[in-house]
$ cat entry.cif   # mmCIF, C-alpha atoms
data_structure
loop_
_atom_site.label_atom_id
_atom_site.label_comp_id
_atom_site.auth_asym_id
_atom_site.auth_seq_id
_atom_site.Cartn_x
_atom_site.Cartn_y
_atom_site.Cartn_z
CA MET A 29 -13.64 7.60 0.22
CA SER A 30 -13.80 9.86 3.25
CA ASP A 31 -15.84 7.50 5.45
CA LEU A 32 -14.21 4.87 7.61
CA VAL A 33 -15.60 1.35 7.87
CA PRO A 34 -17.64 1.33 11.11
CA GLY A 35 -15.99 -0.46 14.02
CA ARG A 36 -12.59 -0.68 12.35
CA THR A 37 -9.61 0.69 14.25
CA CYS A 38 -5.88 0.43 13.77
CA GLY A 39 -5.56 -1.50 17.03
CA GLY A 40 -1.98 -2.68 17.35
CA CYS A 41 -1.17 -2.15 13.68
CA THR A 42 1.65 0.35 13.10
CA VAL A 43 2.60 -0.60 9.54
CA CYS A 44 2.02 2.93 8.24
CA CYS A 45 4.51 4.24 10.84
CA THR A 46 7.27 2.44 8.92
CA THR A 47 6.02 1.95 5.38
CA LEU A 48 4.93 5.44 4.41
CA VAL A 49 7.06 8.31 3.20
CA VAL A 50 6.16 11.49 5.06
CA ASP A 51 7.36 14.72 3.52
CA THR A 52 5.56 17.72 4.99
CA PRO A 53 6.87 20.99 6.37
CA GLU A 54 6.10 19.70 9.90
CA ILE A 55 7.77 16.27 9.73
CA GLN A 56 9.75 14.09 7.37
CA LYS A 57 10.36 10.33 7.29
CA ALA A 58 11.73 8.17 4.49
CA PRO A 59 9.86 5.01 3.44
CA GLY A 60 10.85 1.81 5.19
CA VAL A 61 12.10 3.74 8.21
CA THR A 62 10.16 3.52 11.47
CA CYS A 63 9.06 6.78 13.06
CA LYS A 64 10.92 7.50 16.28
CA TYR A 65 7.57 7.91 18.07
CA CYS A 66 6.48 4.37 17.18
CA LYS A 67 7.36 2.14 20.10
CA GLY A 68 4.72 -0.58 20.22
CA GLY A 69 2.25 2.15 19.26
CA CYS A 70 2.41 5.91 18.89
CA THR A 71 3.95 7.50 21.98
CA ILE A 72 2.53 10.92 20.97
CA TYR A 73 -0.86 9.64 19.81
CA GLU A 74 -2.95 12.36 21.49
CA THR A 75 -0.76 15.13 20.04
CA ARG A 76 0.41 13.42 16.84
CA TYR A 77 1.04 15.48 13.74
CA PRO A 78 -1.90 16.35 11.44
CA VAL A 79 -0.49 14.23 8.60
CA CYS A 80 -0.65 11.20 10.90
CA ARG A 81 -4.01 12.14 12.41
CA ASP A 82 -5.60 12.51 8.96
CA TYR A 83 -4.11 9.39 7.35
CA HIS A 84 -6.05 6.13 7.00
CA CYS A 85 -4.99 3.17 4.90
CA ALA A 86 -7.42 1.60 2.43
CA TRP A 87 -8.23 -1.18 4.89
CA ARG A 88 -9.83 1.42 7.18
CA LYS A 89 -11.97 2.76 4.31
CA LEU A 90 -12.89 -0.18 2.06
CA ASP A 91 -15.30 -2.82 3.31
CA ILE A 92 -14.25 -5.20 0.51
CA LEU A 93 -11.07 -5.64 2.58
CA ASP A 94 -12.24 -7.77 5.50
CA ASP A 95 -10.68 -7.77 8.98
CA ASN A 96 -7.98 -10.20 7.88
CA TRP A 97 -6.69 -7.46 5.53
CA ARG A 98 -5.48 -5.30 8.41
CA PRO A 99 -1.90 -4.65 7.27
CA ASP A 100 -0.15 -6.29 10.22
CA ARG A 101 -2.26 -9.42 9.73
CA SER A 102 -2.28 -9.72 5.95
CA GLN A 103 1.21 -8.34 5.32
CA VAL A 104 -0.37 -6.25 2.56
CA PHE A 105 -0.47 -2.49 3.02
CA ALA A 106 -3.42 -1.32 0.92
CA GLN A 107 -3.38 2.39 0.21
CA PHE A 108 -4.98 4.84 -2.16
CA GLU A 109 -2.87 5.83 -5.15
CA ARG A 110 -3.44 9.22 -6.69
CA ASP A 111 -0.38 9.47 -8.93
CA ASN A 112 0.12 7.89 -12.32
CA ILE A 113 -3.50 6.89 -12.91
CA PRO A 114 -3.64 6.19 -16.65
CA PRO A 115 -6.02 8.46 -18.58
CA SER A 116 -8.00 5.41 -19.74
CA PHE A 117 -9.51 5.25 -16.23
CA ASP A 118 -12.34 7.48 -15.16
CA ALA A 119 -10.98 7.54 -11.62
CA ASP A 120 -9.21 10.00 -9.36
CA PHE A 121 -7.52 7.22 -7.45
CA GLY A 122 -6.44 3.61 -7.58
CA ILE A 123 -5.51 1.06 -4.95
CA GLY A 124 -1.91 0.13 -4.29
CA LEU A 125 -1.25 -3.25 -2.71
CA LEU A 126 2.21 -3.05 -1.12
CA LEU A 127 3.45 -6.55 -0.33
CA ILE A 128 5.29 -6.18 2.98
CA GLY A 129 5.46 -9.90 3.75
CA ASP A 130 6.42 -12.82 1.50
CA PRO A 131 5.22 -11.62 -1.92
CA GLY A 132 5.33 -15.06 -3.53
CA TRP A 133 3.08 -16.53 -0.86
CA THR A 134 0.73 -13.54 -0.79
CA VAL A 135 -0.06 -13.41 -4.51
CA ARG A 136 -1.05 -17.10 -4.47
CA GLN A 137 -3.69 -16.60 -1.77
CA GLU A 138 -7.35 -16.76 -2.77
CA TRP A 139 -8.28 -13.73 -0.61
CA PHE A 140 -5.63 -11.62 -2.34
CA GLN A 141 -6.58 -12.76 -5.82
CA HIS A 142 -10.27 -12.11 -5.10
CA VAL A 143 -9.62 -8.44 -4.31
CA VAL A 144 -7.32 -8.00 -7.32
CA ALA A 145 -9.90 -9.61 -9.62
CA SER A 146 -12.74 -7.51 -8.18
CA GLY A 147 -10.78 -4.30 -8.72
CA VAL A 148 -9.53 -5.14 -12.20
CA MET A 149 -12.92 -6.31 -13.43
CA SER A 150 -14.58 -3.19 -11.93
CA HIS A 151 -12.13 -1.00 -13.86
CA ILE A 152 -10.49 0.33 -10.69
CA PRO A 153 -6.74 0.90 -11.11
CA ILE A 154 -4.99 -1.78 -9.06
CA PHE A 155 -1.26 -1.49 -8.49
CA LEU A 156 1.00 -4.24 -7.20
CA CYS A 157 3.82 -2.70 -5.18
CA LEU A 158 6.99 -3.98 -3.55
CA PRO A 159 8.94 -1.98 -0.97
CA GLY A 160 12.51 -1.16 -1.78
CA PRO A 161 15.48 -1.02 0.54
CA ARG A 162 15.21 1.32 3.54
CA GLY A 163 14.75 4.89 2.30
CA SER A 164 13.90 3.89 -1.28
CA GLN A 165 10.79 4.36 -3.36
CA ALA A 166 8.63 1.28 -3.84
CA ALA A 167 8.37 -0.50 -7.17
CA LYS A 168 4.89 -0.39 -8.67
CA THR A 169 3.11 -1.95 -11.64
CA LEU A 170 -0.45 -1.63 -12.88
CA LEU A 171 -2.36 -4.93 -12.83
CA ASN A 172 -5.19 -3.77 -15.11
CA THR A 173 -3.88 -5.41 -18.27
CA ASP A 174 -5.44 -7.54 -20.98
CA GLU A 175 -3.28 -10.43 -19.77
CA MET A 176 -4.63 -10.09 -16.22
CA ARG A 177 -8.25 -9.83 -17.39
CA ALA A 178 -7.79 -13.02 -19.43
CA ALA A 179 -6.15 -14.74 -16.44
CA ILE A 180 -9.09 -13.73 -14.22
CA GLU A 181 -11.59 -15.10 -16.72
CA GLN A 182 -9.64 -18.37 -16.94
CA ASP A 183 -9.13 -18.59 -13.15
CA ALA A 184 -5.36 -18.57 -13.76
CA MET A 185 -4.10 -15.45 -12.00
CA THR A 186 -1.19 -17.00 -10.10
CA PRO A 187 1.37 -17.14 -12.95
CA VAL A 188 0.61 -13.55 -14.00
CA LEU A 189 0.94 -12.27 -10.43
CA GLU A 190 4.13 -14.27 -9.84
CA ARG A 191 5.64 -12.78 -13.01
CA ALA A 192 4.70 -9.29 -11.81
CA VAL A 193 6.46 -9.96 -8.49
CA ARG A 194 9.62 -11.09 -10.32
CA GLN A 195 9.56 -7.91 -12.40
CA LEU A 196 9.14 -5.76 -9.30
CA LYS A 197 12.02 -7.53 -7.53
CA ALA A 198 14.27 -6.63 -10.49
CA TYR A 199 13.30 -2.95 -10.26
CA ASP A 200 16.11 -0.41 -9.99
CA PHE A 201 15.07 1.06 -6.65
CA LYS A 202 15.81 4.78 -6.28
CA PRO A 203 16.21 6.68 -3.02
CA ALA A 204 13.13 8.63 -2.00
CA VAL A 205 13.58 12.32 -2.73
CA MET A 206 12.46 14.56 0.10
CA ILE A 207 11.40 18.14 -0.55
CA HIS A 208 11.17 19.30 3.06
CA SER A 209 13.69 19.14 5.88
CA GLY A 210 14.08 20.22 9.46
CA ASN A 211 12.19 17.60 11.49
CA ASP A 212 13.21 14.10 10.46
CA VAL A 213 11.31 11.71 12.75
CA ALA A 214 13.16 8.59 11.58
CA ALA A 215 14.18 6.28 14.38
#

$ encode --input "entry.cif" --output "structure tokens"
Amino acid sequence: MSDLVPGRTCGGCTVCCTTLVVDTPEIQKAPGVTCKYCKGGCTIYETRYPVCRDYHCAWRKLDILDDNWRPDRSQVFAQFERDNIPPSFDADFGIGLLLIGDPGWTVRQEWFQHVVASGVMSHIPIFLCLPGPRGSQAAKTLLNTDEMRAAIEQDAMTPVLERAVRQLKAYDFKPAVMIHSGNDVAA
């Protein structure tokens, strides 16, 4: 997981500068809030904070996600999930697919379904996520279910994914709880 896909750079993508929650002693930023240093790119790129320097989304690290999966192109922010991995998985991480564009359209796309099916059938925890209102935690559901495996085998994933999106939209979004304070970089 530590290696980046050769030749892949963020380019003009700044999705992580808005989507992510950052809660370190050095800087803080709530999810869904753009960093004040993000103005068509990072204005402090050469001296950016270590948390930003060290972060790479899953698109930068997984070659199964082709160039069209760059978050600003696909409107899917793929990231590694380390929390709430069910004990039935022999994995330290899963993959969260945060739908930042039109979720109904996205889950019907063949490229999206291919990655979900590959992950589920390879027993990799795959989470479907939907951002909440500005400053709120995202809604998340595990896609590795018996229903999803059956849908994959029957080439009928769309209704199961659409139902998951409806459930996520009905989620009771909670404000993100920050532990640190002192340098809020929210714009």

$ resolve_selection --input "entry.cif" --expression "the PyMOL selection byres ((chain A and resi 133) around 12)" --output "JSON, numbers by chain"
{"A": [102, 103, 104, 127, 128, 129, 130, 131, 132, 134, 135, 136, 137, 138, 139, 140, 141, 186, 189, 190, 193]}

$ residues_near_point --input "entry.cif" --point "(-8.0, -7.1, -12.7)" --cutoff "7 Å" --atoms "all atoms listed in the file" --output "list in words"
Val144, Ala145, Ser146, Gly147, Val148, Met149, Leu171, Asn172, Met176, Arg177 and Ile180 of chain A

$ resolve_selection --input "entry.cif" --expression "the PyMOL selection byres ((chain A and resi 60) around 6)" --output "NGL selection string"
:A and (46-47 or 59 or 61 or 162-163)

$ closest_residue --input "entry.cif" --among "A:Val50, A:Ala179, A:Ile123, A:Val79" --to "Ser209 of chain A" --atoms "only C-alpha atoms"
A:Val50

$ residues_around --input "entry.cif" --residues "Arg101 of chain A" --least-positions-apart "4" --cutoff "10 Å" --atoms "all atoms listed in the file" --output "PyMOL selection string"
chain A and resi 41+95-97+105+129

$ residues_around --input "entry.cif" --residues "Ser164 of chain A" --least-positions-apart "4" --cutoff "6 Å" --atoms "all atoms listed in the file" --output "VMD selection string"
chain A and resid 160 202 to 204

$ residues_around --input "entry.cif" --residues "Ala214 of chain A" --least-positions-apart "2" --cutoff "7 Å" --atoms "all atoms listed in the file" --output "PyMOL selection string"
chain A and resi 57+61-64+212

$ closest_residue --input "entry.cif" --among "A:Asp118, A:Glu74, A:Asp94, A:Asp100" --to "Gly40 of chain A" --atoms "only C-alpha atoms"
A:Asp100

$ residues_around --input "entry.cif" --residues "Gln107 of chain A" --least-positions-apart "2" --cutoff "12 Å" --atoms "all atoms listed in the file" --output "NGL selection string"
:A and (29 or 43-44 or 47-48 or 83-90 or 93 or 97-99 or 104-105 or 109-111 or 121-127 or 153-157)

$ resolve_selection --input "entry.cif" --expression "the PyMOL selection byres ((chain A and resi 206) around 8)" --output "count of residues only"
8

$ closest_residue --input "entry.cif" --among "A:Ile113, A:Leu170, A:Leu158, A:Val33" --to "Arg194 of chain A" --atoms "only C-alpha atoms"
A:Leu158

$ atom_distance --input "entry.cif" --atom1 "atom CA of Ser116 of chain A" --atom2 "atom CA of Thr169 of chain A"
15.6 Å

$ atom_distance --input "entry.cif" --atom1 "atom CA of His142 of chain A" --atom2 "atom CA of Lys168 of chain A"
19.5 Å

$ atom_distance --input "entry.cif" --atom1 "atom CA of Cys66 of chain A" --atom2 "atom CA of Ala215 of chain A"
8.4 Å

$ closest_residue --input "entry.cif" --among "A:Ala198, A:Val188, A:Ala167, A:Cys45" --to "Gly68 of chain A" --atoms "only C-alpha atoms"
A:Cys45

$ closest_residue --input "entry.cif" --among "A:Asp91, A:Leu196, A:Pro53, A:Pro78" --to "Arg36 of chain A" --atoms "all atoms listed in the file"
A:Asp91
